[in-house]
2 protein chains.
Amino acid sequence: MLSLNYRDGRPIYEQVRDGLRRLIITGAIPPGDKLPSVRAMAGQLAINPNTIQRAYESLEQEGYAYSVPGKGCFAALPQDVSGRRREELLRQLDAILQELAYLGVSWEEIETRSRREQAQRDKEG
Amino acid sequence: MLSLNYRDGRPIYEQVRDGLRRLIITGAIPPGDKLPSVRAMAGQLAINPNTIQRAYESLEQEGYAYSVPGKGCFAALPQDVSGRRREELLRQLDAILQELAYLGVSWEEIETRSRREQAQRDKEG
DNA sequence: TTAACTGTACTATATGTTCTAGTACAATTA
DNA sequence: TAATTGTACTAGAACATATAGTACAGTTAA
C-alpha cells in the first residue's frame with residue numbers, strides 16, 4: 001500500500017501522511033472508505049504504531065480524514081479538506097511558477113505538461 | 001535582507017537558503033552579484049556563521065550560487081541552475097496541480113491566478 | 001609586507017525532533 | 001465476552017540542528 005524511504009530526510013510520519021493523501025486524491029481510497037488501523041499499518045510497514053497515529057493526526061488536521069474512536073479512520077470528502085490546505089497549495093503553486101519562469105520554462109510548456117499529466121491519469125483511472 | 005521565523009518548523013539554514021533563492025529569482029540579487037559574507041550575514045541575523053555556510057552550500061548544490069575561496073559567494077546565471085532542481089520543481093508542480101484538481105480548483109482558475117501574479121510582478125519589478 | 005577579509009574545515013556540546021517501547025483506557029464490533 | 005478500534009500517556013534512544021571555538025589558505029587593500 002505504501003513504501004518508506006529511510007534515506008529520504010523527511011520524517012516517516014510525513015511520508016506516511018503524504019502517501020495516504022496521494023492514495024486519497026488519486027481515488028485509490030474513495031471518500032468514506034476506512035484506512036488501515038494504526039496497528040495494522042504499523043505492522044505492515046514494520047514501524048511503531050505511535051508514528052502511524054501521528055500521520056493520521058496530521059491527515060485529520062488537513063481535513064483529508066476523520067477518526068472515530070472504536071471504529072477507525074476514514075477518508076473524508078474533498079469539500080471537507082481545510083481551507084488552510086488549499087491556501088498552502090496555492091501559495092506553493094505561485095512560488096513554483098515564479099521560479100520556473102525565472103528558469104525560462106514557458107507557460108505553454110507548463111500548460112502542455114499539465115494536460116499530458118491529466119490525460120495520463122484519465123487513461124489510468 | 002532576510003527574516004527568520006523561529007516558530008516555523010523549518011531549519012534556519014533552509015529558511016536562509018530559500019530566502020536567498022527568492023531574492024535571486026525576483027531579481028533583487030542579479031546574476032554575478034556578491035552575496036553577503038557568511039560572517040556578515042550571520043551577524044545581521046544574529047545566528048552562527050556555520051549555519052549560513054550550510055545554506056550557501058545547499059544553494060551552491062542547486063546551482064543558484066557559486067563560491068570562490070577568498071573572494072565570496074556570488075549569484076549564478078539561470079542556465080547554471082542544476083537540472084535536478086528543474087526536475088524537482090516540475091515534480092512538485094504535477095503533485096500540486098493534481099491535488100488542486102481533486103479539490104475542485106479548475107484549470108481556468110489556476111490560469112487566471114498565475115496571470116494575475118505575473119502581472120503583479122511585472123508592475124512591481 | 002601587513003592586516004583584514006573571504007570561504008572552508010574541523011571538534012565539541014547543547015537542544016529539539018523523531019522514533020521506539022511499553023502501558024493503559026474507553027468505545028466499538030463480532 | 002473477547003478482540004479491535006482510536007487515543008493518551010511516560011521514558012529513553014537516535015538523529016538532526018544550531019552553537020561555540022579554532023584554524024588554514026586565498027584574496028584584497030592599505
# chains A, B, ... in the order shown; residues from 1 in each chain; ligands from 1

call {"tool": "closest_atom_pairs", "arguments": {"of": "chain B", "to": "chain A", "cutoff": "7 Å", "atoms": "only C-alpha atoms", "output": "CSV"}}
result
residue,atom,partner,partner_atom,distance
B:Ile25,CA,A:Tyr102,CA,5.8
B:Pro78,CA,A:Leu103,CA,5.5
B:Leu89,CA,A:Ile96,CA,6.4
B:Leu93,CA,A:Leu93,CA,6.9
B:Asp94,CA,A:Ser114,CA,6.9
B:Ile96,CA,A:Leu89,CA,6.4
B:Glu99,CA,A:Ile25,CA,6.2
B:Tyr102,CA,A:Ile25,CA,5.8
B:Leu103,CA,A:Pro78,CA,5.5
B:Ser114,CA,A:Asp94,CA,6.9

call {"tool": "write_last_selection", "arguments": {"atoms": "C-alpha atoms", "output": "PDB file, in the first residue's frame"}}
result
ATOM      1  CA  ILE B  25      14.701  34.720  -8.845  1.00  0.00           C
ATOM      2  CA  PRO B  78      19.655  30.931 -14.580  1.00  0.00           C
ATOM      3  CA  LEU B  89      10.092  21.781  -9.409  1.00  0.00           C
ATOM      4  CA  LEU B  93       4.115  21.155  -9.803  1.00  0.00           C
ATOM      5  CA  ASP B  94       2.473  17.947 -11.001  1.00  0.00           C
ATOM      6  CA  ILE B  96       0.124  20.302  -6.592  1.00  0.00           C
ATOM      7  CA  GLU B  99      -4.307  17.830  -5.649  1.00  0.00           C
ATOM      8  CA  TYR B 102      -9.094  16.862  -6.704  1.00  0.00           C
ATOM      9  CA  LEU B 103     -10.160  19.794  -4.556  1.00  0.00           C
ATOM     10  CA  SER B 114      -0.981  32.795 -12.415  1.00  0.00           C
TER      11      SER B 114
END

call {"tool": "closest_atom_pairs", "arguments": {"of": "chain A", "to": "chain C", "cutoff": "10 Å", "atoms": "only C-alpha atoms (C1' of nucleotides)", "output": "tab-separated table"}}
result
residue	atom	partner	partner_atom	distance
A:Pro11	CA	C:DT18	C1'	7.0
A:Ile12	CA	C:DT18	C1'	8.5
A:Tyr13	CA	C:DT18	C1'	9.1
A:Ile47	CA	C:DT20	C1'	8.3
A:Asn48	CA	C:DT20	C1'	6.4
A:Pro49	CA	C:DT20	C1'	9.4
A:Asn50	CA	C:DC19	C1'	8.5
A:Thr51	CA	C:DC19	C1'	7.2
A:Val68	CA	C:DA27	C1'	9.0
A:Pro69	CA	C:DA27	C1'	6.0
A:Gly70	CA	C:DT28	C1'	4.5
A:Lys71	CA	C:DT28	C1'	5.7
A:Gly72	CA	C:DT28	C1'	9.3

call {"tool": "interface_residues", "arguments": {"of": "chain D", "to": "chain B", "cutoff": "9 Å", "atoms": "only C-alpha atoms (C1' of nucleotides)", "output": "mmCIF file with N, CA and C atoms (P, O5', C5', C4', C3', O3' and C1' of nucleotides), in the first residue's frame"}}
result
data_model
loop_
_atom_site.group_PDB
_atom_site.id
_atom_site.type_symbol
_atom_site.label_atom_id
_atom_site.label_comp_id
_atom_site.auth_asym_id
_atom_site.auth_seq_id
_atom_site.Cartn_x
_atom_site.Cartn_y
_atom_site.Cartn_z
ATOM 1 P P DT D 17 18.875 18.628 9.472
ATOM 2 O "O5'" DT D 17 19.014 19.755 10.605
ATOM 3 C "C5'" DT D 17 17.908 20.020 11.442
ATOM 4 C "C4'" DT D 17 18.314 20.950 12.566
ATOM 5 C "C3'" DT D 17 19.128 22.180 12.125
ATOM 6 O "O3'" DT D 17 18.433 23.340 12.496
ATOM 7 C "C1'" DT D 17 20.106 21.127 14.019
ATOM 8 P P DA D 18 18.926 24.776 11.932
ATOM 9 O "O5'" DA D 18 19.852 25.334 13.100
ATOM 10 C "C5'" DA D 18 19.289 25.573 14.378
ATOM 11 C "C4'" DA D 18 20.396 25.847 15.374
ATOM 12 C "C3'" DA D 18 21.401 26.916 14.946
ATOM 13 O "O3'" DA D 18 21.268 28.055 15.793
ATOM 14 C "C1'" DA D 18 22.463 25.004 15.917
ATOM 15 P P DT D 19 22.296 29.286 15.609
ATOM 16 O "O5'" DT D 19 23.388 28.972 16.725
ATOM 17 C "C5'" DT D 19 22.981 28.691 18.059
ATOM 18 C "C4'" DT D 19 24.177 28.272 18.900
ATOM 19 C "C3'" DT D 19 25.354 29.254 18.855
ATOM 20 O "O3'" DT D 19 25.566 29.783 20.150
ATOM 21 C "C1'" DT D 19 26.088 26.994 18.564
ATOM 22 P P DA D 20 26.526 31.075 20.336
ATOM 23 O "O5'" DA D 20 27.962 30.415 20.596
ATOM 24 C "C5'" DA D 20 28.098 29.426 21.607
ATOM 25 C "C4'" DA D 20 29.521 28.896 21.620
ATOM 26 C "C3'" DA D 20 30.578 29.947 21.276
ATOM 27 O "O3'" DA D 20 31.502 30.064 22.351
ATOM 28 C "C1'" DA D 20 30.926 27.936 20.041
ATOM 29 P P DA D 25 47.889 26.539 5.542
ATOM 30 O "O5'" DA D 25 47.217 27.030 4.179
ATOM 31 C "C5'" DA D 25 46.305 26.162 3.485
ATOM 32 C "C4'" DA D 25 45.477 26.977 2.503
ATOM 33 C "C3'" DA D 25 46.293 27.927 1.626
ATOM 34 O "O3'" DA D 25 45.804 27.876 0.299
ATOM 35 C "C1'" DA D 25 44.650 29.144 2.783
ATOM 36 P P DG D 26 46.633 28.604 -0.910
ATOM 37 O "O5'" DG D 26 45.628 29.732 -1.428
ATOM 38 C "C5'" DG D 26 44.359 29.346 -1.951
ATOM 39 C "C4'" DG D 26 43.464 30.576 -2.053
ATOM 40 C "C3'" DG D 26 44.056 31.729 -2.867
ATOM 41 O "O3'" DG D 26 43.083 32.178 -3.818
ATOM 42 C "C1'" DG D 26 43.380 32.509 -0.735
ATOM 43 P P DT D 27 43.525 33.326 -4.902
ATOM 44 O "O5'" DT D 27 42.905 34.648 -4.247
ATOM 45 C "C5'" DT D 27 41.502 34.722 -3.998
ATOM 46 C "C4'" DT D 27 41.161 36.046 -3.334
ATOM 47 C "C3'" DT D 27 41.665 37.295 -4.063
ATOM 48 O "O3'" DT D 27 40.556 38.109 -4.382
ATOM 49 C "C1'" DT D 27 42.166 37.400 -1.742
ATOM 50 P P DT D 28 40.766 39.399 -5.364
ATOM 51 O "O5'" DT D 28 40.843 40.583 -4.310
ATOM 52 C "C5'" DT D 28 39.860 40.652 -3.271
ATOM 53 C "C4'" DT D 28 40.234 41.762 -2.301
ATOM 54 C "C3'" DT D 28 40.801 43.019 -2.963
ATOM 55 O "O3'" DT D 28 40.059 44.145 -2.556
ATOM 56 C "C1'" DT D 28 42.183 42.310 -1.165
#

call {"tool": "residues_around", "arguments": {"residues": "A:Ser37", "least_positions_apart": "2", "cutoff": "12 Å", "atoms": "only C-alpha atoms (C1' of nucleotides)", "output": "NGL selection string"}}
result
(:A and (34-35 or 39-44 or 49-50 or 52-53 or 55-56 or 67-74)) or (:D and (4-6))

call {"tool": "write_last_selection", "arguments": {"atoms": "N, CA and C atoms (P, O5', C5', C4', C3', O3' and C1' of nucleotides)", "output": "mmCIF file, in the first residue's frame"}}
result
data_model
loop_
_atom_site.group_PDB
_atom_site.id
_atom_site.type_symbol
_atom_site.label_atom_id
_atom_site.label_comp_id
_atom_site.auth_asym_id
_atom_site.auth_seq_id
_atom_site.Cartn_x
_atom_site.Cartn_y
_atom_site.Cartn_z
ATOM 1 N N LYS A 34 -12.517 3.108 4.847
ATOM 2 C CA LYS A 34 -11.726 3.019 6.059
ATOM 3 C C LYS A 34 -10.247 2.857 5.749
ATOM 4 N N LEU A 35 -9.427 3.618 6.431
ATOM 5 C CA LEU A 35 -7.985 3.446 6.307
ATOM 6 C C LEU A 35 -7.572 2.283 7.201
ATOM 7 N N ARG A 39 -2.507 0.028 14.174
ATOM 8 C CA ARG A 39 -1.687 -1.145 14.491
ATOM 9 C C ARG A 39 -1.413 -2.001 13.257
ATOM 10 N N ALA A 40 -2.425 -2.156 12.398
ATOM 11 C CA ALA A 40 -2.231 -2.958 11.186
ATOM 12 C C ALA A 40 -1.194 -2.322 10.261
ATOM 13 N N MET A 41 -1.357 -1.023 10.061
ATOM 14 C CA MET A 41 -0.420 -0.327 9.172
ATOM 15 C C MET A 41 0.983 -0.303 9.761
ATOM 16 N N ALA A 42 1.070 -0.161 11.083
ATOM 17 C CA ALA A 42 2.384 -0.190 11.731
ATOM 18 C C ALA A 42 3.036 -1.556 11.520
ATOM 19 N N GLY A 43 2.220 -2.596 11.576
ATOM 20 C CA GLY A 43 2.750 -3.935 11.349
ATOM 21 C C GLY A 43 3.237 -4.124 9.928
ATOM 22 N N GLN A 44 2.428 -3.663 8.964
ATOM 23 C CA GLN A 44 2.804 -3.800 7.555
ATOM 24 C C GLN A 44 4.108 -3.080 7.239
ATOM 25 N N PRO A 49 3.417 1.964 16.111
ATOM 26 C CA PRO A 49 2.041 2.475 15.950
ATOM 27 C C PRO A 49 1.922 3.964 16.242
ATOM 28 N N ASN A 50 2.750 4.460 17.184
ATOM 29 C CA ASN A 50 2.697 5.891 17.504
ATOM 30 C C ASN A 50 2.991 6.750 16.279
ATOM 31 N N ILE A 52 2.374 5.980 13.152
ATOM 32 C CA ILE A 52 1.201 5.979 12.277
ATOM 33 C C ILE A 52 0.137 6.934 12.808
ATOM 34 N N GLN A 53 -0.058 6.884 14.116
ATOM 35 C CA GLN A 53 -1.077 7.767 14.692
ATOM 36 C C GLN A 53 -0.757 9.227 14.435
ATOM 37 N N ALA A 55 0.809 10.382 11.898
ATOM 38 C CA ALA A 55 0.470 10.642 10.492
ATOM 39 C C ALA A 55 -1.031 10.862 10.344
ATOM 40 N N TYR A 56 -1.820 10.054 11.043
ATOM 41 C CA TYR A 56 -3.282 10.187 10.972
ATOM 42 C C TYR A 56 -3.746 11.520 11.552
ATOM 43 N N SER A 67 -11.302 10.582 12.294
ATOM 44 C CA SER A 67 -11.200 9.377 13.119
ATOM 45 C C SER A 67 -12.409 9.225 14.023
ATOM 46 N N VAL A 68 -12.849 8.013 14.221
ATOM 47 C CA VAL A 68 -13.932 7.702 15.151
ATOM 48 C C VAL A 68 -13.415 6.647 16.122
ATOM 49 N N PRO A 69 -13.263 7.035 17.418
ATOM 50 C CA PRO A 69 -12.734 6.100 18.421
ATOM 51 C C PRO A 69 -13.537 4.805 18.456
ATOM 52 N N GLY A 70 -12.843 3.704 18.388
ATOM 53 C CA GLY A 70 -13.508 2.407 18.419
ATOM 54 C C GLY A 70 -13.860 1.875 17.055
ATOM 55 N N LYS A 71 -13.983 2.777 16.064
ATOM 56 C CA LYS A 71 -14.351 2.338 14.719
ATOM 57 C C LYS A 71 -13.161 2.346 13.764
ATOM 58 N N GLY A 72 -12.559 3.504 13.605
ATOM 59 C CA GLY A 72 -11.426 3.577 12.702
ATOM 60 C C GLY A 72 -11.213 4.970 12.149
ATOM 61 N N CYS A 73 -10.323 5.070 11.163
ATOM 62 C CA CYS A 73 -10.040 6.337 10.500
ATOM 63 C C CYS A 73 -10.516 6.234 9.056
ATOM 64 N N PHE A 74 -11.244 7.255 8.585
ATOM 65 C CA PHE A 74 -11.876 7.185 7.272
ATOM 66 C C PHE A 74 -11.494 8.362 6.390
ATOM 67 P P DT D 4 -7.688 -9.073 17.380
ATOM 68 O "O5'" DT D 4 -8.227 -7.632 16.968
ATOM 69 C "C5'" DT D 4 -9.368 -7.517 16.112
ATOM 70 C "C4'" DT D 4 -9.901 -6.106 16.148
ATOM 71 C "C3'" DT D 4 -8.838 -5.015 15.955
ATOM 72 O "O3'" DT D 4 -8.991 -4.373 14.700
ATOM 73 C "C1'" DT D 4 -10.380 -4.483 17.701
ATOM 74 P P DT D 5 -7.967 -3.225 14.283
ATOM 75 O "O5'" DT D 5 -8.564 -1.882 14.880
ATOM 76 C "C5'" DT D 5 -9.747 -1.317 14.316
ATOM 77 C "C4'" DT D 5 -10.223 -0.151 15.142
ATOM 78 C "C3'" DT D 5 -9.178 0.911 15.456
ATOM 79 O "O3'" DT D 5 -9.028 1.802 14.379
ATOM 80 C "C1'" DT D 5 -10.512 0.451 17.380
ATOM 81 P P DG D 6 -7.718 2.713 14.307
ATOM 82 O "O5'" DG D 6 -8.068 3.939 15.263
ATOM 83 C "C5'" DG D 6 -9.227 4.722 15.004
ATOM 84 C "C4'" DG D 6 -9.503 5.649 16.181
ATOM 85 C "C3'" DG D 6 -8.463 6.754 16.391
ATOM 86 O "O3'" DG D 6 -9.113 7.954 16.793
ATOM 87 C "C1'" DG D 6 -8.575 5.386 18.321
#

call {"tool": "atom_distance", "arguments": {"atom1": "atom CA of A:Glu124", "atom2": "atom CA of A:Glu14"}}
result
26.3 Å

call {"tool": "select_by_dssp", "arguments": {"residues": "chain B", "states": "strand (DSSP E)", "output": "list in words"}}
result
Ala65, Tyr66, Ser67, Val68, Gly72, Cys73, Phe74 and Ala75 of chain B

call {"tool": "write_last_selection", "arguments": {"atoms": "N, CA and C atoms", "output": "PDB file, in the first residue's frame"}}
result
ATOM      1  N   ALA B  65      24.134  29.579  -6.858  1.00  0.00           N
ATOM      2  CA  ALA B  65      25.262  30.402  -6.438  1.00  0.00           C
ATOM      3  C   ALA B  65      26.549  29.595  -6.590  1.00  0.00           C
ATOM      4  N   TYR B  66      27.666  30.313  -6.617  1.00  0.00           N
ATOM      5  CA  TYR B  66      28.961  29.632  -6.640  1.00  0.00           C
ATOM      6  C   TYR B  66      29.903  30.402  -5.722  1.00  0.00           C
ATOM      7  N   SER B  67      30.763  29.656  -5.035  1.00  0.00           N
ATOM      8  CA  SER B  67      31.667  30.271  -4.067  1.00  0.00           C
ATOM      9  C   SER B  67      33.096  30.275  -4.591  1.00  0.00           C
ATOM     10  N   VAL B  68      33.825  31.330  -4.301  1.00  0.00           N
ATOM     11  CA  VAL B  68      35.239  31.436  -4.630  1.00  0.00           C
ATOM     12  C   VAL B  68      36.000  31.752  -3.346  1.00  0.00           C
ATOM     13  N   GLY B  72      34.359  35.371  -2.235  1.00  0.00           N
ATOM     14  CA  GLY B  72      32.980  35.449  -1.753  1.00  0.00           C
ATOM     15  C   GLY B  72      32.068  34.466  -2.445  1.00  0.00           C
ATOM     16  N   CYS B  73      30.779  34.627  -2.212  1.00  0.00           N
ATOM     17  CA  CYS B  73      29.759  33.778  -2.836  1.00  0.00           C
ATOM     18  C   CYS B  73      28.913  34.654  -3.745  1.00  0.00           C
ATOM     19  N   PHE B  74      28.672  34.176  -4.984  1.00  0.00           N
ATOM     20  CA  PHE B  74      28.031  35.010  -5.991  1.00  0.00           C
ATOM     21  C   PHE B  74      26.800  34.325  -6.581  1.00  0.00           C
ATOM     22  N   ALA B  75      25.837  35.124  -6.996  1.00  0.00           N
ATOM     23  CA  ALA B  75      24.646  34.600  -7.663  1.00  0.00           C
ATOM     24  C   ALA B  75      25.005  34.109  -9.053  1.00  0.00           C
TER      25      ALA B  75
END

call {"tool": "atom_distance", "arguments": {"atom1": "atom CA of B:Leu23", "atom2": "atom CA of B:Arg10"}}
result
18.6 Å

call {"tool": "decode", "arguments": {"residues": "chain C", "atoms": "C-alpha atoms (C1' of nucleotides)", "output": "mmCIF file, in the first residue's frame"}}
result
data_model
loop_
_atom_site.group_PDB
_atom_site.id
_atom_site.type_symbol
_atom_site.label_atom_id
_atom_site.label_comp_id
_atom_site.auth_asym_id
_atom_site.auth_seq_id
_atom_site.Cartn_x
_atom_site.Cartn_y
_atom_site.Cartn_z
ATOM 1 C "C1'" DT C 1 54.589 43.284 3.540
ATOM 2 C "C1'" DT C 2 50.893 43.734 6.609
ATOM 3 C "C1'" DA C 3 46.286 43.474 8.051
ATOM 4 C "C1'" DA C 4 41.672 42.457 7.282
ATOM 5 C "C1'" DC C 5 38.636 39.984 4.776
ATOM 6 C "C1'" DT C 6 36.974 35.697 2.273
ATOM 7 C "C1'" DG C 7 35.362 30.595 2.057
ATOM 8 C "C1'" DT C 8 36.240 26.298 4.207
ATOM 9 C "C1'" DA C 9 37.056 22.604 7.558
ATOM 10 C "C1'" DC C 10 37.273 20.782 11.651
ATOM 11 C "C1'" DT C 11 35.924 19.418 17.043
ATOM 12 C "C1'" DA C 12 32.825 19.596 20.833
ATOM 13 C "C1'" DT C 13 28.497 20.492 23.021
ATOM 14 C "C1'" DA C 14 23.668 21.606 23.720
ATOM 15 C "C1'" DT C 15 18.993 21.293 22.174
ATOM 16 C "C1'" DG C 16 14.921 19.731 19.871
ATOM 17 C "C1'" DT C 17 12.640 16.421 16.914
ATOM 18 C "C1'" DT C 18 11.788 11.931 15.648
ATOM 19 C "C1'" DC C 19 11.097 7.229 16.644
ATOM 20 C "C1'" DT C 20 10.651 3.382 19.543
ATOM 21 C "C1'" DA C 21 8.850 0.748 23.555
ATOM 22 C "C1'" DG C 22 5.547 -0.068 26.771
ATOM 23 C "C1'" DT C 23 1.247 0.586 29.102
ATOM 24 C "C1'" DA C 24 -3.375 1.941 29.630
ATOM 25 C "C1'" DC C 25 -8.338 3.392 28.841
ATOM 26 C "C1'" DA C 26 -12.879 3.948 26.626
ATOM 27 C "C1'" DA C 27 -15.699 2.931 22.581
ATOM 28 C "C1'" DT C 28 -16.983 -0.311 19.030
ATOM 29 C "C1'" DT C 29 -17.652 -4.792 16.960
ATOM 30 C "C1'" DA C 30 -18.184 -9.815 16.297
#
